[in-house]
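Report on one structure; see the data block that follows.
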Amino acid sequence: MKTEQEREAHRRFVQALQHEHLTCAKPGCGGPMDVIDHTPHSARVKSYEATCERCHTVEKITGREEHAPAWDVASITMMAEMHLLHEQPSCPYDDTPITFISLPNPRRKARYRLQCYYCGRHTEMNWPPPEAKR
Ligand SMILES: [Zn+2]
Ligand SMILES: [Zn+2]
């Protein structure tokens with residue numbers, strides 16, 4: 001079970017991930033925050049640094065890397081199907097919105113990487129996924 005503090009940290013992570021406005025968490029401030037993505041190029045987990053424009057508090061917002069247990073086929077299929085329906089799938093372990101990244105396709109076959117930037121779980125699949133063809 002997550003603590004209230006962990007839930008709040010996750011909520012702020014999702015806001016940063018979705019480029020939503022973050023407000024300063026310092027009591028009595030509530031100023032707008034300037035969020036910079038500090039994620040290294042090859043990293044699977046995102047890290048941000050938010051700076052309050054009013055009181056200049058700096059807050060680090062990062063995911064929590066966790067790879068086990070991996071996504072199973074059923075949850076990967078469900079994420080793909082939601083994406084096909086233009087809905088936003090989320091990671092079954094931490095409820096973070098999944099990012100779909102289109103990969104270079106040498107044989108004109110679409111390939112996607114599904115990535116959770118919070119826990120770092122990811123997988124690749126051909127597109128459309130064979131399970132979705134009905
Ligand atoms: Zn502030
Ligand atoms: Zn995740």
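In the structure tokens, each chain is lettered A, B, ... as it comes, each chain's residues begin at 1, and ligands are numbered from 1 in order of appearance.
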**OP:** Considering only C-alpha atoms, return as a list in words whatever protein or nucleic-acid residues lie within 6 Å of Pro32 (chain A), sequence-local ones (same chain, fewer than 3 positions apart) excluded.
**Re:** Thr23, Cys52 and Glu53 of chain A
Those selected residues, please, written with N, CA, C and O atoms and delivered as a PDB file, in the first residue's frame.
```
ATOM      1  N   THR A  23       2.059  23.502  -8.999  1.00  0.00           N
ATOM      2  CA  THR A  23       2.151  24.620  -8.081  1.00  0.00           C
ATOM      3  C   THR A  23       3.009  24.208  -6.896  1.00  0.00           C
ATOM      4  O   THR A  23       3.059  23.049  -6.509  1.00  0.00           O
ATOM      5  N   CYS A  52      10.140  26.803  -8.014  1.00  0.00           N
ATOM      6  CA  CYS A  52       9.055  27.748  -7.763  1.00  0.00           C
ATOM      7  C   CYS A  52       9.476  29.137  -8.206  1.00  0.00           C
ATOM      8  O   CYS A  52      10.543  29.620  -7.827  1.00  0.00           O
ATOM      9  N   GLU A  53       8.640  29.764  -9.028  1.00  0.00           N
ATOM     10  CA  GLU A  53       8.966  31.105  -9.520  1.00  0.00           C
ATOM     11  C   GLU A  53       8.817  32.145  -8.415  1.00  0.00           C
ATOM     12  O   GLU A  53       9.326  33.249  -8.526  1.00  0.00           O
TER      13      GLU A  53
END
```
Proximity check chain A to ligand 2, 12 Å, nearest pairs one decimal Å, only C-alpha atoms and all ligand atoms, as a tab-separated table:
```
residue	atom	partner	partner_atom_place_in_ligand_line	distance
A:His10	CA	ligand 2	1 (Zn)	10.7
A:Phe13	CA	ligand 2	1 (Zn)	11.8
A:Val14	CA	ligand 2	1 (Zn)	11.1
A:Arg44	CA	ligand 2	1 (Zn)	10.4
A:Val45	CA	ligand 2	1 (Zn)	9.3
A:Lys46	CA	ligand 2	1 (Zn)	11.3
A:Gly63	CA	ligand 2	1 (Zn)	8.7
A:Arg64	CA	ligand 2	1 (Zn)	8.6
A:Glu65	CA	ligand 2	1 (Zn)	8.3
A:Glu66	CA	ligand 2	1 (Zn)	7.7
A:His67	CA	ligand 2	1 (Zn)	8.4
A:Ala68	CA	ligand 2	1 (Zn)	10.3
A:Pro69	CA	ligand 2	1 (Zn)	10.6
A:Ala70	CA	ligand 2	1 (Zn)	9.6
A:Trp71	CA	ligand 2	1 (Zn)	9.0
A:Ser75	CA	ligand 2	1 (Zn)	11.7
A:Ile76	CA	ligand 2	1 (Zn)	11.9
A:Pro89	CA	ligand 2	1 (Zn)	11.0
A:Ser90	CA	ligand 2	1 (Zn)	7.7
A:Cys91	CA	ligand 2	1 (Zn)	4.6
A:Pro92	CA	ligand 2	1 (Zn)	6.8
A:Tyr93	CA	ligand 2	1 (Zn)	5.5
A:Asp94	CA	ligand 2	1 (Zn)	4.9
A:Asp95	CA	ligand 2	1 (Zn)	6.7
A:Thr96	CA	ligand 2	1 (Zn)	5.8
A:Pro97	CA	ligand 2	1 (Zn)	8.2
A:Ile98	CA	ligand 2	1 (Zn)	7.8
A:Thr99	CA	ligand 2	1 (Zn)	10.5
A:Leu114	CA	ligand 2	1 (Zn)	10.5
A:Gln115	CA	ligand 2	1 (Zn)	8.0
A:Cys116	CA	ligand 2	1 (Zn)	4.7
A:Tyr117	CA	ligand 2	1 (Zn)	6.7
A:Tyr118	CA	ligand 2	1 (Zn)	5.2
A:Cys119	CA	ligand 2	1 (Zn)	4.2
A:Gly120	CA	ligand 2	1 (Zn)	6.3
A:Arg121	CA	ligand 2	1 (Zn)	5.8
A:His122	CA	ligand 2	1 (Zn)	8.4
A:Thr123	CA	ligand 2	1 (Zn)	11.6
```
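For the choices A:Thr51, A:Ala16, A:His38, A:Glu4, the atom-to-atom distance to ligand 1 is smallest for A:Thr51 when using only C-alpha atoms and all ligand atoms.
Atom pair CA of Gly31 (chain A) / CA of Ser47 (chain A): separated by 20.8 Å.
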Original post:
Can you list, as a count of residues only, every residue of chain A that DSSP puts in alpha helix (DSSP H)?
Top reply: 26
**OP:** Write out as a list in words each polymer residue (protein, DNA or RNA) that has an atom no more than 12 Å from ligand 1, with only C-alpha atoms and all ligand atoms counted.
**Re:** Leu22, Thr23, Cys24, Ala25, Lys26, Pro27, Gly28, Cys29, Gly30, Gly31, Pro32, Met33, Asp34, Ala50, Thr51, Cys52, Glu53, Arg54, Cys55, His56, Thr57, Val58 and Glu59 of chain A
Could you write those residues out with all heavy atoms, as a compact mmCIF listing (two decimals), in the first residue's frame?
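To be explicit, this is the file written out as part_11.txt:
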```txt
# COMPACT_ATOMS: atom_id res chain seq x y z
N LEU A 22 2.36 22.77 -12.43
CA LEU A 22 2.60 22.37 -11.05
C LEU A 22 2.63 23.62 -10.19
O LEU A 22 3.17 24.65 -10.59
CB LEU A 22 3.95 21.67 -10.93
CG LEU A 22 4.00 20.17 -11.27
CD1 LEU A 22 5.43 19.72 -11.35
CD2 LEU A 22 3.26 19.37 -10.22
N THR A 23 2.06 23.50 -9.00
CA THR A 23 2.15 24.62 -8.08
C THR A 23 3.01 24.21 -6.90
O THR A 23 3.06 23.05 -6.51
CB THR A 23 0.76 25.07 -7.58
OG1 THR A 23 0.05 23.91 -7.15
CG2 THR A 23 -0.03 25.75 -8.68
N CYS A 24 3.68 25.17 -6.33
CA CYS A 24 4.60 24.96 -5.21
C CYS A 24 3.86 24.33 -4.03
O CYS A 24 2.77 24.75 -3.65
CB CYS A 24 5.18 26.30 -4.82
SG CYS A 24 6.36 26.19 -3.48
N ALA A 25 4.49 23.29 -3.45
CA ALA A 25 3.86 22.55 -2.35
C ALA A 25 4.18 23.17 -1.00
O ALA A 25 3.69 22.73 0.04
CB ALA A 25 4.32 21.10 -2.38
N LYS A 26 5.01 24.18 -0.98
CA LYS A 26 5.39 24.81 0.28
C LYS A 26 4.18 25.52 0.89
O LYS A 26 3.49 26.27 0.20
CB LYS A 26 6.51 25.82 0.01
CG LYS A 26 7.40 26.03 1.20
CD LYS A 26 8.54 26.95 0.81
CE LYS A 26 9.16 27.52 2.08
NZ LYS A 26 10.13 28.57 1.76
N PRO A 27 3.92 25.26 2.18
CA PRO A 27 2.73 25.88 2.80
C PRO A 27 2.73 27.40 2.64
O PRO A 27 3.75 28.05 2.86
CB PRO A 27 2.85 25.47 4.27
CG PRO A 27 3.72 24.26 4.27
CD PRO A 27 4.66 24.43 3.12
N GLY A 28 1.60 27.92 2.20
CA GLY A 28 1.47 29.36 2.07
C GLY A 28 2.03 29.95 0.79
O GLY A 28 1.92 31.14 0.56
N CYS A 29 2.66 29.11 -0.05
CA CYS A 29 3.23 29.68 -1.28
C CYS A 29 2.28 29.45 -2.46
O CYS A 29 1.60 30.37 -2.90
CB CYS A 29 4.61 29.09 -1.57
SG CYS A 29 5.33 29.78 -3.08
N GLY A 30 2.26 28.23 -2.97
CA GLY A 30 1.36 27.94 -4.10
C GLY A 30 1.75 28.64 -5.38
O GLY A 30 0.92 28.82 -6.27
N GLY A 31 2.99 29.05 -5.49
CA GLY A 31 3.45 29.73 -6.69
C GLY A 31 3.57 28.77 -7.87
O GLY A 31 3.63 27.56 -7.69
N PRO A 32 3.58 29.32 -9.09
CA PRO A 32 3.75 28.47 -10.27
C PRO A 32 5.18 27.92 -10.33
O PRO A 32 6.12 28.58 -9.90
CB PRO A 32 3.48 29.43 -11.44
CG PRO A 32 3.77 30.79 -10.91
CD PRO A 32 3.50 30.75 -9.43
N MET A 33 5.31 26.70 -10.83
CA MET A 33 6.64 26.10 -10.91
C MET A 33 7.08 25.92 -12.35
O MET A 33 6.28 25.61 -13.23
CB MET A 33 6.65 24.76 -10.18
CG MET A 33 6.34 24.90 -8.70
SD MET A 33 6.71 23.40 -7.77
CE MET A 33 8.34 23.76 -7.15
N ASP A 34 8.36 26.12 -12.52
CA ASP A 34 8.98 25.96 -13.82
C ASP A 34 9.60 24.55 -13.83
O ASP A 34 10.47 24.27 -13.02
CB ASP A 34 10.06 27.04 -13.95
CG ASP A 34 10.62 27.10 -15.35
OD1 ASP A 34 9.91 26.73 -16.30
OD2 ASP A 34 11.79 27.50 -15.48
N ALA A 50 11.68 20.89 -10.60
CA ALA A 50 10.71 21.98 -10.61
C ALA A 50 11.20 23.08 -9.70
O ALA A 50 11.64 22.82 -8.57
CB ALA A 50 9.35 21.46 -10.15
N THR A 51 11.15 24.30 -10.20
CA THR A 51 11.59 25.45 -9.40
C THR A 51 10.42 26.42 -9.25
O THR A 51 9.79 26.80 -10.24
CB THR A 51 12.77 26.18 -10.10
OG1 THR A 51 13.76 25.21 -10.43
CG2 THR A 51 13.37 27.24 -9.19
N CYS A 52 10.14 26.80 -8.01
CA CYS A 52 9.06 27.75 -7.76
C CYS A 52 9.48 29.14 -8.21
O CYS A 52 10.54 29.62 -7.83
CB CYS A 52 8.69 27.75 -6.28
SG CYS A 52 7.40 28.96 -5.91
N GLU A 53 8.64 29.76 -9.03
CA GLU A 53 8.97 31.11 -9.52
C GLU A 53 8.82 32.14 -8.42
O GLU A 53 9.33 33.25 -8.53
CB GLU A 53 8.06 31.46 -10.70
CG GLU A 53 8.42 30.65 -11.95
CD GLU A 53 7.44 30.86 -13.09
OE1 GLU A 53 6.66 31.84 -13.04
OE2 GLU A 53 7.45 30.03 -14.02
N ARG A 54 8.09 31.79 -7.37
CA ARG A 54 7.86 32.76 -6.30
C ARG A 54 8.88 32.65 -5.17
O ARG A 54 9.53 33.62 -4.82
CB ARG A 54 6.44 32.57 -5.75
CG ARG A 54 5.94 33.76 -4.97
CD ARG A 54 4.47 33.60 -4.59
NE ARG A 54 3.59 33.69 -5.75
CZ ARG A 54 2.30 33.31 -5.74
NH1 ARG A 54 1.77 32.79 -4.64
NH2 ARG A 54 1.56 33.45 -6.80
N CYS A 55 9.05 31.44 -4.60
CA CYS A 55 9.96 31.31 -3.45
C CYS A 55 11.26 30.58 -3.80
O CYS A 55 12.12 30.39 -2.96
CB CYS A 55 9.25 30.62 -2.28
SG CYS A 55 8.98 28.85 -2.56
N HIS A 56 11.38 30.16 -5.06
CA HIS A 56 12.60 29.51 -5.56
C HIS A 56 12.94 28.19 -4.91
O HIS A 56 14.09 27.76 -4.93
CB HIS A 56 13.79 30.48 -5.51
CG HIS A 56 13.50 31.78 -6.21
ND1 HIS A 56 13.36 31.87 -7.57
CD2 HIS A 56 13.24 33.01 -5.71
CE1 HIS A 56 13.05 33.12 -7.89
NE2 HIS A 56 12.97 33.83 -6.79
N THR A 57 11.94 27.55 -4.32
CA THR A 57 12.14 26.19 -3.82
C THR A 57 12.38 25.27 -5.01
O THR A 57 11.73 25.42 -6.04
CB THR A 57 10.86 25.72 -3.08
OG1 THR A 57 10.73 26.48 -1.89
CG2 THR A 57 10.92 24.23 -2.72
N VAL A 58 13.33 24.36 -4.85
CA VAL A 58 13.60 23.40 -5.92
C VAL A 58 13.10 22.03 -5.47
O VAL A 58 13.40 21.58 -4.37
CB VAL A 58 15.11 23.34 -6.26
CG1 VAL A 58 15.38 22.26 -7.31
CG2 VAL A 58 15.58 24.70 -6.76
N GLU A 59 12.32 21.41 -6.33
CA GLU A 59 11.77 20.10 -6.00
C GLU A 59 12.17 19.10 -7.06
O GLU A 59 12.03 19.36 -8.25
CB GLU A 59 10.23 20.23 -5.95
CG GLU A 59 9.52 18.93 -5.64
CD GLU A 59 7.99 19.07 -5.75
OE1 GLU A 59 7.49 20.19 -5.89
OE2 GLU A 59 7.33 18.02 -5.70
```
**OP:** Can you list, as a PyMOL selection string, all residues belonging to chain A that DSSP tags as strand (DSSP E or B)?
**Re:** chain A and resi 23+32-37+47-52+58-62+90+97+99-103+110-115+122-127
**OP:** Just the residues within 7 Å of Arg113 (chain A), please, counting only C-alpha atoms, with nothing from its chain fewer than 2 positions along; format it as an MDAnalysis selection string.
**Re:** chainID A and resid 100:103 111 115 122:125
Original post:
At what distance in Å, to one decimal, does CA of His19 (chain A) lie from CA of His83 (chain A)?
Top reply: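 Between these atoms lies a distance of 19.6 Å.
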Original post:
Between A:Lys60, A:His86, A:Arg107, A:His41, which one has atoms that come closest to Arg12 (chain A), using only C-alpha atoms?
Top reply: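 Of A:Lys60, A:His86, A:Arg107, A:His41, the one nearest Arg12 (chain A) is A:Lys60, counting only C-alpha atoms.
Closest to Pro128 (chain A) among A:Thr77, A:Ser42, A:Gln5, A:Gln15 is A:Thr77, based on only C-alpha atoms.
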Subject >> One-decimal distance in Å that lies between CA of Thr62 (chain A) and CA of Gln88 (chain A) >> reply: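 Going from CA of Gln88 (chain A) over to CA of Thr62 (chain A) covers 20.9 Å.
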